[in-house]
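Engineer: For reference, the structure I am asking about is given below.
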Amino acid sequence: MGQNSHHQDMAARVQTLRQQLQQASYEYYVLDAPTLPDEVYDRLYRELQELETAHPELITPDSPTQRVGEKPATQFTSVRHNIPLYSLENAFDLAEFRAWEDRWRRQAPEVGPVEYVAELKIDGSALALTYENGLLTRAATRGDGITGEEITQNVKTIRTIPLRLNTDTPPPIVEVRGEAFLPLDVFATINQERTTNGEPPFANPRNAAAGTLRQLDSRIVARRRLDFFAYTVHMGSPTPHPPTSPPPHLPTSQWQALQLLQSLGFRVNPNRQLCQSETEVQDFFNTWATARTRLQYMTDGVVVKLNDFALQQRLGFTQKFPRWAVALKYPAEEVPTVLEQVSFQVGRTGAVTPVAELRPVQLAGTTVARATLHNADRMAELDIHQGDTVIVRKAGEIIPEVVRVLADLRPAEAQRVTMPQSCPECGSTLVKPEEEAVTRCINTSCPAIVQGAIIHWCRRDALDIEGLGEKWVKQFVEQGLVQSVADLYDLTVEQLLPLERMGQQLAEKLVGAIAASKTRPWASVLYGLGIRHVGTVNAKTLTQHFPTVEALASADPDAIEAVHTIGPEIAQAVFQWFRVPANQTLIQRLQQAGLQLSASQAEPQNADQGALAGKTFVLTGTLPNLTRTAAAALIEAAGGKVTSSVSKATDYLVAGEKAGSKLTKAETLGITVLSEAEMVEMVGEGS
């Protein structure tokens, strides 16, 4: 009896210590108002360590002592995000910001004045954090937005990320997004240590943060003292609680979400503002253009979000970005150099892109010798001439582009640069549709188009044909061995041997790599086909909803658009692609070659699991208890799909107050209409 009593006393003391240390961390890191002296914190921490060492059965995952693992990991596991991590559309000046404003208002023309939330854009690495019943259970990198790498043990070392949410009434699932970064003073110290040890210094804090998060030994991560700002929260349906202990309030706006994140124990960037007008957003942006240099972290712009979650839900997403947010970027580093000539490249879609060949110059840490001129309209706007002195910058700090011409330095009798009339690859007449800015070659047999399509097919994120690079593809096309991707699967070793620098071993290796690509999944094949607007993320989304090529090829635009995140432009592009006879023949040949044009059982198919498996839902109106984000998370967690528009492919409409036109259309089509309670009951029946 005495031993039992002693053990209970130890367990109670351990629990008290954890609560005291968690509260102290919250006051120190989140509130920036510590009440516990450092020496007292250290004493309590040591006491907890000693008790857990003596009683290891009392150790829990959320204990402050568990922030650093004992054993290094051997590898990282790829995990699927519960909610996709979308990137943001960039605006590089206030005019582009106003253009973004115009675009979303065209989607919602009746909306009047709105509130914006302006937040500094942190230059680090995005993380997705999952909390189950208040406990941190998973942390993952952004990856491609659909899948990332699980780095939970490393993320536990970041002291501004709570191991347990600061609430006694946590919802069952909370998804938190934010940015991990290295403070500048820490970055300087790390580089100094690396230089002293003979190691190459990190190029910038962003690279250092990303490299740190991918360390296999979490003890190294802990020593590098990463920091974290939270900026997004997705909450599921709260668990039942007695009336005296209500669950956390579900936010209805971004501003409320940031306040909630802070109350849950996260550090939220204090340099944010709730703006009542576009002018206030511009003032915030202009203020931080210079003030950001005094910060202890890197920021390259301001993220502007529409504050109201209901409006966000209505606007939805393009194929890449949320329509309700934009990253207003500060000007990148710009340098002058001399234009030596302009070349014209033909891409796999026939688009002809003018490229400035430049006198090499250093820009943002790299040597730049080429820069895009985009299209004929941009060249005319720049009024670019041979031999001009031009200003070059990196758009989004990645792609070099010519931003302006210093006409005063133009050589005498310099000739204006114009787009060619004929394709530089095949000689066909070029076409520029009135509704497009792009000039195109429309000869589908153009070697550049064929070559570009095959190179795209062979890419790592498409069919991943190892060793088959641009050099070999060019030879295949020039020698007439391939005229489409299907021809690759007819190639033999004997056909390849006559090619320059081709030997028996290499030929066998290439033919083997082509054959191995037949095992790539349906999503990779769809992306590899090169349909306009269908990137890797959209390809995965479409193949989850349409598990066979026959299902996708026979779907009408409404059914395709009904898939969550797939807009009308993408739906039309996919629908029209499958109507082209040559493409139908291509699909038949790929099937005959043995390519994977359906989802295998080994591939994760959320639609095949859960109480709502295979069912498509649309949410409309104001629900009594849940935000649309929370309701959508419930449905998707149960295997259902949530789309933005009602169509014949919709199974259920979940309607709240002020349901409007979606309810009318659902009733016209005979679609079952559910209340929030009925939808939650359907989810519960399968739990």
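Order determines the names: the first chain of the structure tokens is A, the second B, and so forth; residues in each chain are numbered 1 upward, and ligands are numbered 1 upward as they are shown.
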Looking only at the backbone, which of the residues in region 360-419 of chain A does DSSP tag as helix (DSSP H, G or I), as a PyMOL selection string?

Structural biologist: chain A and resi 376-382+407-409

Engineer: Smallest atom-to-atom distance to Gly594 (chain A): which of A:Gln153, A:Thr439, A:Thr130, A:Thr519, using only C-alpha atoms?

Structural biologist: A:Thr519

Engineer: As an exercise, work out the distance from CA of Leu339 (chain A) to CA of Gln421 (chain A) in Å and give it to one decimal place.

Structural biologist: 21.8 Å

Engineer: Just the residues within 7 Å of Arg206 (chain A), please, counting only C-alpha atoms, with nothing from its chain fewer than 4 positions along; format it as a list in words.

Structural biologist: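 Contacts, in chain order: Asp123, Gly124, Ser125, Phe181 and Ala210 of chain A.
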
Engineer: Pick out the residues sitting within 7 Å of Ala539 (chain A), and hand them over as JSON, numbers by chain; count only C-alpha atoms, and ignore anything fewer than 3 positions along from it in its own chain.

Structural biologist: {"A": [523, 526, 527, 534, 535, 536, 542, 543]}

Engineer: Deliver the residues from the most recent selection as a file, using all heavy atoms, as a tab-separated table (two decimals), in the first residue's frame.

Structural biologist:
```tsv
chain	number	residue	atom	x	y	z
A	523	ALA	N	-1.29	8.37	-61.71
A	523	ALA	CA	-1.12	9.82	-61.54
A	523	ALA	C	0.11	10.32	-62.28
A	523	ALA	O	0.10	11.40	-62.88
A	523	ALA	CB	-1.03	10.16	-60.06
A	526	LEU	N	-0.72	10.42	-66.05
A	526	LEU	CA	-1.58	11.56	-66.39
A	526	LEU	C	-0.76	12.85	-66.43
A	526	LEU	O	-0.90	13.66	-67.36
A	526	LEU	CB	-2.72	11.68	-65.37
A	526	LEU	CG	-3.68	12.85	-65.60
A	526	LEU	CD1	-4.34	12.77	-66.97
A	526	LEU	CD2	-4.75	12.89	-64.51
A	527	TYR	N	0.10	13.05	-65.45
A	527	TYR	CA	0.96	14.24	-65.47
A	527	TYR	C	1.89	14.20	-66.68
A	527	TYR	O	2.10	15.21	-67.36
A	527	TYR	CB	1.77	14.32	-64.18
A	527	TYR	CG	2.82	15.40	-64.20
A	527	TYR	CD1	2.48	16.74	-64.32
A	527	TYR	CD2	4.17	15.07	-64.12
A	527	TYR	CE1	3.45	17.72	-64.35
A	527	TYR	CE2	5.15	16.05	-64.14
A	527	TYR	CZ	4.79	17.38	-64.26
A	527	TYR	OH	5.76	18.36	-64.31
A	534	VAL	N	-2.49	20.77	-66.04
A	534	VAL	CA	-2.49	19.60	-65.15
A	534	VAL	C	-1.06	19.35	-64.67
A	534	VAL	O	-0.25	18.73	-65.37
A	534	VAL	CB	-3.06	18.35	-65.85
A	534	VAL	CG1	-2.97	17.14	-64.92
A	534	VAL	CG2	-4.50	18.58	-66.27
A	535	GLY	N	-0.76	19.87	-63.47
A	535	GLY	CA	0.53	19.63	-62.85
A	535	GLY	C	0.49	18.38	-61.99
A	535	GLY	O	-0.48	17.62	-62.01
A	536	THR	N	1.52	18.15	-61.20
A	536	THR	CA	1.60	16.94	-60.39
A	536	THR	C	0.48	16.87	-59.36
A	536	THR	O	-0.10	15.81	-59.12
A	536	THR	CB	2.96	16.85	-59.68
A	536	THR	OG1	3.18	18.08	-58.95
A	536	THR	CG2	4.09	16.66	-60.67
A	542	LEU	N	-6.98	14.31	-59.60
A	542	LEU	CA	-7.88	13.75	-60.62
A	542	LEU	C	-7.89	12.23	-60.59
A	542	LEU	O	-8.94	11.60	-60.72
A	542	LEU	CB	-7.48	14.26	-62.00
A	542	LEU	CG	-7.83	15.72	-62.29
A	542	LEU	CD1	-7.12	16.21	-63.55
A	542	LEU	CD2	-9.34	15.89	-62.45
A	543	THR	N	-6.71	11.62	-60.42
A	543	THR	CA	-6.67	10.16	-60.46
A	543	THR	C	-7.26	9.53	-59.20
A	543	THR	O	-7.68	8.37	-59.23
A	543	THR	CB	-5.23	9.65	-60.65
A	543	THR	OG1	-4.38	10.23	-59.64
A	543	THR	CG2	-4.71	10.02	-62.02
```

Engineer: Env of Ala551 (chain A): 12 Å cut, atoms = only C-alpha atoms, seq-sep filter 4 positions within chain, self excluded. Answer as a short mmCIF file (atom, residue, chain, number, x, y, z; two decimals) with N, CA and C atoms, in the first residue's frame.

Structural biologist:
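And here is the file that came out, out_27.cif:
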```cif
data_model
loop_
_atom_site.label_atom_id
_atom_site.label_comp_id
_atom_site.auth_asym_id
_atom_site.auth_seq_id
_atom_site.Cartn_x
_atom_site.Cartn_y
_atom_site.Cartn_z
N LEU A 542 -6.98 14.31 -59.60
CA LEU A 542 -7.88 13.75 -60.62
C LEU A 542 -7.89 12.23 -60.59
N THR A 543 -6.71 11.62 -60.42
CA THR A 543 -6.67 10.16 -60.46
C THR A 543 -7.26 9.53 -59.20
N GLN A 544 -7.32 10.29 -58.12
CA GLN A 544 -8.02 9.78 -56.93
C GLN A 544 -9.52 9.75 -57.17
N HIS A 545 -10.02 10.74 -57.92
CA HIS A 545 -11.45 10.81 -58.18
C HIS A 545 -11.85 9.96 -59.39
N PHE A 546 -10.94 9.86 -60.37
CA PHE A 546 -11.19 9.06 -61.57
C PHE A 546 -10.13 7.96 -61.63
N PRO A 547 -10.39 6.81 -61.03
CA PRO A 547 -9.34 5.80 -60.86
C PRO A 547 -8.92 5.09 -62.14
N ALA A 555 -15.70 11.47 -68.63
CA ALA A 555 -16.32 12.46 -67.74
C ALA A 555 -16.59 13.76 -68.48
N ASP A 556 -17.73 14.39 -68.18
CA ASP A 556 -18.02 15.69 -68.78
C ASP A 556 -17.38 16.79 -67.94
N ALA A 559 -18.50 17.16 -64.26
CA ALA A 559 -18.04 16.11 -63.35
C ALA A 559 -16.57 16.33 -62.97
N ILE A 560 -15.77 16.78 -63.92
CA ILE A 560 -14.35 17.03 -63.63
C ILE A 560 -14.22 18.23 -62.70
N PHE A 575 -11.06 17.79 -70.56
CA PHE A 575 -12.16 17.31 -71.40
C PHE A 575 -11.78 17.41 -72.88
N PHE A 578 -9.06 14.81 -74.26
CA PHE A 578 -9.53 13.46 -74.55
C PHE A 578 -10.47 13.41 -75.75
N LEU A 597 -2.72 2.72 -66.43
CA LEU A 597 -3.74 3.74 -66.70
C LEU A 597 -4.95 3.55 -65.79
N SER A 598 -4.70 2.92 -64.64
CA SER A 598 -5.71 2.82 -63.59
C SER A 598 -4.98 2.75 -62.26
N ALA A 599 -5.70 3.09 -61.19
CA ALA A 599 -5.10 3.10 -59.86
C ALA A 599 -4.98 1.67 -59.35
#
```

Engineer: Between A:Gln596, A:Gln483, A:Thr349, A:Gln312, which one has atoms that come closest to Ala108 (chain A), using only C-alpha atoms?

Structural biologist: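 Of the candidates, the smallest distance to Ala108 (chain A) is held by A:Gln312.
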
Engineer: Between A:Tyr116, A:Ala371, A:Ala139, A:Phe229, which one has atoms that come closest to Lys305 (chain A), using only C-alpha atoms?

Structural biologist: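 That would be A:Tyr116, the residue with the smallest distance to Lys305 (chain A).
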
Engineer: Which residues, written as an mmCIF file with N, CA and C atoms, in the first residue's frame, have at least one atom at most 12 Å from Val417 (chain A), with only C-alpha atoms counted and residues fewer than 6 positions away on the same chain left out?

Structural biologist:
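Output saved as out-v4.cif:
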```
data_model
loop_
_atom_site.group_PDB
_atom_site.id
_atom_site.type_symbol
_atom_site.label_atom_id
_atom_site.label_comp_id
_atom_site.auth_asym_id
_atom_site.auth_seq_id
_atom_site.Cartn_x
_atom_site.Cartn_y
_atom_site.Cartn_z
ATOM 1 N N LEU A 339 22.682 43.123 -73.126
ATOM 2 C CA LEU A 339 22.022 42.118 -73.952
ATOM 3 C C LEU A 339 22.893 41.837 -75.174
ATOM 4 N N GLU A 340 23.364 40.599 -75.303
ATOM 5 C CA GLU A 340 24.229 40.258 -76.426
ATOM 6 C C GLU A 340 23.424 39.759 -77.623
ATOM 7 N N GLN A 341 22.357 39.001 -77.373
ATOM 8 C CA GLN A 341 21.457 38.585 -78.444
ATOM 9 C C GLN A 341 20.183 38.017 -77.831
ATOM 10 N N VAL A 342 19.158 37.769 -78.671
ATOM 11 C CA VAL A 342 17.906 37.153 -78.228
ATOM 12 C C VAL A 342 17.715 35.856 -79.008
ATOM 13 N N SER A 343 17.489 34.781 -78.279
ATOM 14 C CA SER A 343 17.188 33.499 -78.925
ATOM 15 C C SER A 343 15.719 33.172 -78.659
ATOM 16 N N PHE A 344 15.179 32.232 -79.429
ATOM 17 C CA PHE A 344 13.760 31.891 -79.307
ATOM 18 C C PHE A 344 13.629 30.385 -79.097
ATOM 19 N N PRO A 354 10.927 34.180 -76.047
ATOM 20 C CA PRO A 354 12.176 34.897 -76.298
ATOM 21 C C PRO A 354 13.062 34.877 -75.057
ATOM 22 N N VAL A 355 14.334 34.598 -75.253
ATOM 23 C CA VAL A 355 15.290 34.507 -74.145
ATOM 24 C C VAL A 355 16.444 35.464 -74.400
ATOM 25 N N ALA A 356 16.727 36.299 -73.414
ATOM 26 C CA ALA A 356 17.840 37.246 -73.530
ATOM 27 C C ALA A 356 19.143 36.542 -73.181
ATOM 28 N N LEU A 373 12.308 36.880 -71.556
ATOM 29 C CA LEU A 373 11.615 38.089 -72.012
ATOM 30 C C LEU A 373 10.118 37.811 -72.151
ATOM 31 N N ASN A 375 7.270 37.087 -73.697
ATOM 32 C CA ASN A 375 6.477 36.963 -74.919
ATOM 33 C C ASN A 375 6.602 38.220 -75.763
ATOM 34 N N ALA A 376 5.892 38.241 -76.907
ATOM 35 C CA ALA A 376 5.994 39.374 -77.837
ATOM 36 C C ALA A 376 5.501 40.669 -77.202
ATOM 37 N N ASP A 377 4.401 40.591 -76.427
ATOM 38 C CA ASP A 377 3.876 41.800 -75.793
ATOM 39 C C ASP A 377 4.882 42.394 -74.824
ATOM 40 N N ARG A 378 5.559 41.535 -74.055
ATOM 41 C CA ARG A 378 6.541 42.036 -73.092
ATOM 42 C C ARG A 378 7.736 42.643 -73.814
ATOM 43 N N MET A 379 8.167 42.041 -74.921
ATOM 44 C CA MET A 379 9.285 42.615 -75.683
ATOM 45 C C MET A 379 8.925 43.991 -76.222
ATOM 46 N N ALA A 380 7.694 44.118 -76.726
ATOM 47 C CA ALA A 380 7.253 45.412 -77.253
ATOM 48 C C ALA A 380 7.173 46.449 -76.142
ATOM 49 N N GLU A 381 6.695 46.028 -74.978
ATOM 50 C CA GLU A 381 6.590 46.947 -73.840
ATOM 51 C C GLU A 381 7.966 47.446 -73.409
ATOM 52 N N LEU A 382 8.955 46.543 -73.412
ATOM 53 C CA LEU A 382 10.314 46.930 -73.046
ATOM 54 C C LEU A 382 10.987 47.754 -74.142
ATOM 55 N N ASP A 383 10.489 47.610 -75.384
ATOM 56 C CA ASP A 383 11.127 48.247 -76.544
ATOM 57 C C ASP A 383 12.601 47.854 -76.606
ATOM 58 N N ILE A 384 12.833 46.547 -76.600
ATOM 59 C CA ILE A 384 14.191 46.044 -76.456
ATOM 60 C C ILE A 384 14.905 46.018 -77.800
ATOM 61 N N HIS A 385 16.180 46.442 -77.798
ATOM 62 C CA HIS A 385 17.027 46.495 -78.999
ATOM 63 C C HIS A 385 18.297 45.671 -78.766
ATOM 64 N N GLN A 386 18.896 45.231 -79.882
ATOM 65 C CA GLN A 386 20.176 44.530 -79.788
ATOM 66 C C GLN A 386 21.210 45.430 -79.116
ATOM 67 N N GLY A 387 21.974 44.861 -78.162
ATOM 68 C CA GLY A 387 23.033 45.628 -77.511
ATOM 69 C C GLY A 387 22.572 46.519 -76.380
ATOM 70 N N ASP A 388 21.278 46.470 -76.029
ATOM 71 C CA ASP A 388 20.769 47.306 -74.935
ATOM 72 C C ASP A 388 21.424 46.935 -73.601
#
```

Engineer: What's the separation between CA of Ala613 (chain A) and CA of Gly640 (chain A), in Å to one decimal place?

Structural biologist: 5.2 Å

Engineer: Can you pull out every residue from region 335-473 of chain A that DSSP, working from the backbone, puts in strand (DSSP E or B), and format the result as a ChimeraX atom specification?

Structural biologist: /A:335-346,351-363,366-372,385,389-395,399-405,416,422,429,431,439-440

Engineer: Ranking A:Val233, A:Leu120, A:Ile671, A:Cys275 by minimum distance to Ala289 (chain A) and counting only C-alpha atoms, which one comes first?

Structural biologist: A:Leu120
